[in-house]
Amino acid sequence: MKFLSVLVLALSLAPSSLAWSGVTSSPTRSLKRASAVSVSARKRSGSGSDSLPVANLPKGCARPKLVVFDLDNTLWTPELYQLKRSPKADKDVWLYEGAKAALLELATEDAWKGTRVAIASRTNKVEWARHLLEKFEAAPGVSMAALAEFKEIFPGSKRKHFQNLKRASGVAFSEMM
């Protein structure tokens with residue numbers, strides 16, 4: 001399975017208290033493993049400079065039950081507070097290439113079928129964010145809004161977002177990424 005090396009890096013760096021079952025290691029081993037995964041991913045990604053680094057996760061590898069994305073400067077750019085009027089997808093706001101690849105894989109790959117997707121954003125442009133989620137596609141015919149089963153979009157604390165996600169999804173923090 002291909003997946004962004006960023007997510008693989010996050011998995012390999014996660015402290016055991018935050019990682020899901022079966023993913024534990026020391027910080028030193030994690031850094032070495034993360035470096036190896038990153039280098040390996042770059043080698044497999046092709047020689048073109050615009051290729052995305054990807055990594056192959058082992059078949060049957062544990063997957064999180066819930067993958068949570070922020071919006072501004074994580075899935076898209078620019079941050080919504082920087083805009084003066086309601087933005088249009090792909091005109092005023094653009095998805096990062098890595099975000100497109102991750103969303104496409106989550107939406108289409110069988111290995112991720114048991115994984116749910118959520119959004120946690122502190123933006124004060126709530127309606128703009130929801131509108132963009134409807135307009136951007138995670139996969140052909142699948143909007144980001146449809147892919148993300150849970151959406152916590154409001155100004156305030158990320159802690160509150162995650163508490164709400166845990167309550168709504170029934171997924172423990174240790175099973176989230």
# chains A, B, ... in the order shown; residues from 1 in each chain; ligands from 1

call {"tool": "select_by_dssp", "arguments": {"residues": "segment 54-177 of chain A", "states": "helix (DSSP H, G or I)", "output": "PyMOL selection string"}}
result
chain A and resi 80-82+97-108+110-112+126-135+144-147+158-169+173-175

call {"tool": "residues_around", "arguments": {"residues": "segment 155-161 of chain A", "least_positions_apart": "6", "cutoff": "8 Å", "atoms": "only C-alpha atoms", "output": "count of residues only"}}
result
5

call {"tool": "residues_around", "arguments": {"residues": "segment 85-102 of chain A", "least_positions_apart": "3", "cutoff": "8 Å", "atoms": "only C-alpha atoms", "output": "short mmCIF file (atom, residue, chain, number, x, y, z; two decimals) with N, CA and C atoms, in the first residue's frame"}}
result
data_model
loop_
_atom_site.label_atom_id
_atom_site.label_comp_id
_atom_site.auth_asym_id
_atom_site.auth_seq_id
_atom_site.Cartn_x
_atom_site.Cartn_y
_atom_site.Cartn_z
N PHE A 3 1.34 5.12 0.88
CA PHE A 3 0.79 6.15 1.76
C PHE A 3 1.87 7.17 1.99
N LEU A 4 1.49 8.35 2.29
CA LEU A 4 2.46 9.41 2.47
C LEU A 4 3.49 9.08 3.53
N LEU A 52 5.84 12.62 -5.27
CA LEU A 52 5.59 12.61 -3.84
C LEU A 52 6.29 11.42 -3.21
N THR A 74 -2.67 22.35 6.39
CA THR A 74 -2.49 20.91 6.52
C THR A 74 -3.06 20.24 5.26
N LEU A 75 -4.34 20.44 5.00
CA LEU A 75 -4.94 19.93 3.77
C LEU A 75 -4.91 20.98 2.66
N TRP A 76 -5.07 22.24 3.04
CA TRP A 76 -5.11 23.29 2.01
C TRP A 76 -4.35 24.54 2.42
N THR A 77 -4.16 25.39 1.43
CA THR A 77 -3.53 26.68 1.62
C THR A 77 -4.21 27.69 0.72
N PRO A 78 -4.29 28.95 1.10
CA PRO A 78 -3.83 29.58 2.33
C PRO A 78 -4.80 29.34 3.48
N GLU A 105 -6.09 7.85 -1.18
CA GLU A 105 -5.82 6.50 -0.66
C GLU A 105 -6.83 6.11 0.41
N LEU A 106 -7.13 7.01 1.31
CA LEU A 106 -8.12 6.70 2.35
C LEU A 106 -9.49 6.40 1.75
N TRP A 128 -17.16 28.89 5.36
CA TRP A 128 -16.25 28.79 4.23
C TRP A 128 -15.59 27.39 4.22
N LEU A 132 -15.93 24.56 1.27
CA LEU A 132 -14.78 24.00 0.57
C LEU A 132 -14.73 22.48 0.69
N LYS A 135 -16.80 21.11 -1.95
CA LYS A 135 -16.30 21.34 -3.31
C LYS A 135 -15.08 20.51 -3.67
N PHE A 136 -14.17 20.30 -2.72
CA PHE A 136 -12.97 19.51 -3.01
C PHE A 136 -13.32 18.03 -3.01
N ALA A 138 -12.10 14.07 -2.60
CA ALA A 138 -11.10 13.16 -2.04
C ALA A 138 -10.77 12.09 -3.08
#

call {"tool": "closest_residue", "arguments": {"among": "A:Ile153, A:Ala148, A:Leu165, A:Ala129", "to": "Leu80 of chain A", "atoms": "only C-alpha atoms"}}
result
A:Ala129

call {"tool": "residues_around", "arguments": {"residues": "Ala107 of chain A", "least_positions_apart": "6", "cutoff": "12 Å", "atoms": "only C-alpha atoms", "output": "MDAnalysis selection string"}}
result
chainID A and resid 67 100:101 113:117 137:149

call {"tool": "write_last_selection", "arguments": {"atoms": "C-alpha atoms", "output": "mmCIF file, in the first residue's frame"}}
result
data_model
loop_
_atom_site.group_PDB
_atom_site.id
_atom_site.type_symbol
_atom_site.label_atom_id
_atom_site.label_comp_id
_atom_site.auth_asym_id
_atom_site.auth_seq_id
_atom_site.Cartn_x
_atom_site.Cartn_y
_atom_site.Cartn_z
ATOM 1 C CA VAL A 67 -7.482 9.645 10.969
ATOM 2 C CA LYS A 100 -4.717 14.851 -2.262
ATOM 3 C CA ALA A 101 -2.708 11.612 -2.283
ATOM 4 C CA LYS A 113 -11.769 0.417 4.713
ATOM 5 C CA GLY A 114 -11.961 0.101 8.501
ATOM 6 C CA THR A 115 -10.505 3.559 9.059
ATOM 7 C CA ARG A 116 -12.783 6.540 9.476
ATOM 8 C CA VAL A 117 -11.820 10.130 8.663
ATOM 9 C CA GLU A 137 -12.930 15.837 -4.006
ATOM 10 C CA ALA A 138 -11.098 13.163 -2.039
ATOM 11 C CA ALA A 139 -11.638 10.755 -4.952
ATOM 12 C CA PRO A 140 -13.618 11.013 -8.167
ATOM 13 C CA GLY A 141 -17.239 11.577 -7.146
ATOM 14 C CA VAL A 142 -16.419 11.636 -3.399
ATOM 15 C CA SER A 143 -16.264 15.037 -1.720
ATOM 16 C CA MET A 144 -14.019 15.624 1.252
ATOM 17 C CA ALA A 145 -17.206 16.313 3.222
ATOM 18 C CA ALA A 146 -18.510 12.836 2.348
ATOM 19 C CA LEU A 147 -15.201 11.163 3.236
ATOM 20 C CA ALA A 148 -14.916 12.920 6.615
ATOM 21 C CA GLU A 149 -17.567 11.295 8.780
#

call {"tool": "atom_distance", "arguments": {"atom1": "atom CA of Pro64 of chain A", "atom2": "atom CA of Glu175 of chain A"}}
result
5.2 Å

call {"tool": "residues_around", "arguments": {"residues": "Met176 of chain A", "least_positions_apart": "3", "cutoff": "8 Å", "atoms": "only C-alpha atoms", "output": "ChimeraX atom specification"}}
result
/A:20,64-68,171-173

call {"tool": "write_last_selection", "arguments": {"atoms": "all heavy atoms", "output": "short mmCIF file (atom, residue, chain, number, x, y, z; two decimals), in the first residue's frame"}}
result
data_model
loop_
_atom_site.label_atom_id
_atom_site.label_comp_id
_atom_site.auth_asym_id
_atom_site.auth_seq_id
_atom_site.Cartn_x
_atom_site.Cartn_y
_atom_site.Cartn_z
N TRP A 20 -1.36 3.23 18.65
CA TRP A 20 -2.36 2.20 18.82
C TRP A 20 -1.68 0.87 19.05
O TRP A 20 -0.49 0.72 18.91
CB TRP A 20 -3.34 2.15 17.65
CG TRP A 20 -2.70 2.04 16.32
CD1 TRP A 20 -2.33 0.92 15.67
CD2 TRP A 20 -2.33 3.12 15.48
NE1 TRP A 20 -1.76 1.21 14.49
CE2 TRP A 20 -1.75 2.55 14.34
CE3 TRP A 20 -2.42 4.50 15.56
CZ2 TRP A 20 -1.26 3.33 13.30
CZ3 TRP A 20 -1.94 5.26 14.52
CH2 TRP A 20 -1.37 4.67 13.42
N PRO A 64 -4.91 3.00 12.06
CA PRO A 64 -5.70 3.69 13.08
C PRO A 64 -7.19 3.53 12.76
O PRO A 64 -7.56 3.33 11.61
CB PRO A 64 -5.26 5.15 12.95
CG PRO A 64 -4.78 5.27 11.55
CD PRO A 64 -4.19 3.93 11.20
N LYS A 65 -8.02 3.64 13.76
CA LYS A 65 -9.47 3.57 13.54
C LYS A 65 -10.00 4.91 13.06
O LYS A 65 -11.05 4.95 12.40
CB LYS A 65 -10.18 3.14 14.82
CG LYS A 65 -9.91 1.69 15.18
CD LYS A 65 -10.69 1.26 16.39
CE LYS A 65 -10.39 -0.20 16.70
NZ LYS A 65 -11.02 -0.62 17.94
N LEU A 66 -9.30 6.00 13.39
CA LEU A 66 -9.74 7.33 13.00
C LEU A 66 -8.52 8.16 12.62
O LEU A 66 -7.58 8.27 13.40
CB LEU A 66 -10.50 8.01 14.14
CG LEU A 66 -11.11 9.37 13.85
CD1 LEU A 66 -12.25 9.26 12.83
CD2 LEU A 66 -11.62 10.01 15.14
N VAL A 67 -8.53 8.72 11.41
CA VAL A 67 -7.48 9.64 10.97
C VAL A 67 -8.10 11.04 10.99
O VAL A 67 -9.14 11.27 10.36
CB VAL A 67 -6.97 9.31 9.55
CG1 VAL A 67 -5.98 10.36 9.07
CG2 VAL A 67 -6.33 7.93 9.53
N VAL A 68 -7.47 11.95 11.72
CA VAL A 68 -7.99 13.31 11.90
C VAL A 68 -7.07 14.30 11.20
O VAL A 68 -5.86 14.29 11.43
CB VAL A 68 -8.10 13.67 13.40
CG1 VAL A 68 -8.74 15.04 13.57
CG2 VAL A 68 -8.88 12.60 14.15
N VAL A 171 -14.12 6.21 19.34
CA VAL A 171 -12.74 5.78 19.13
C VAL A 171 -11.85 6.40 20.22
O VAL A 171 -11.89 7.61 20.42
CB VAL A 171 -12.24 6.19 17.72
CG1 VAL A 171 -10.76 5.84 17.54
CG2 VAL A 171 -13.08 5.52 16.65
N ALA A 172 -11.06 5.57 20.86
CA ALA A 172 -10.14 6.04 21.89
C ALA A 172 -9.02 6.86 21.26
O ALA A 172 -8.66 6.65 20.11
CB ALA A 172 -9.54 4.85 22.64
N PHE A 173 -8.47 7.79 22.03
CA PHE A 173 -7.36 8.61 21.53
C PHE A 173 -6.21 7.74 21.03
O PHE A 173 -5.56 8.07 20.04
CB PHE A 173 -6.84 9.55 22.62
CG PHE A 173 -7.82 10.61 23.03
CD1 PHE A 173 -8.10 10.83 24.37
CD2 PHE A 173 -8.48 11.39 22.10
CE1 PHE A 173 -9.01 11.80 24.76
CE2 PHE A 173 -9.40 12.36 22.48
CZ PHE A 173 -9.65 12.57 23.81
#
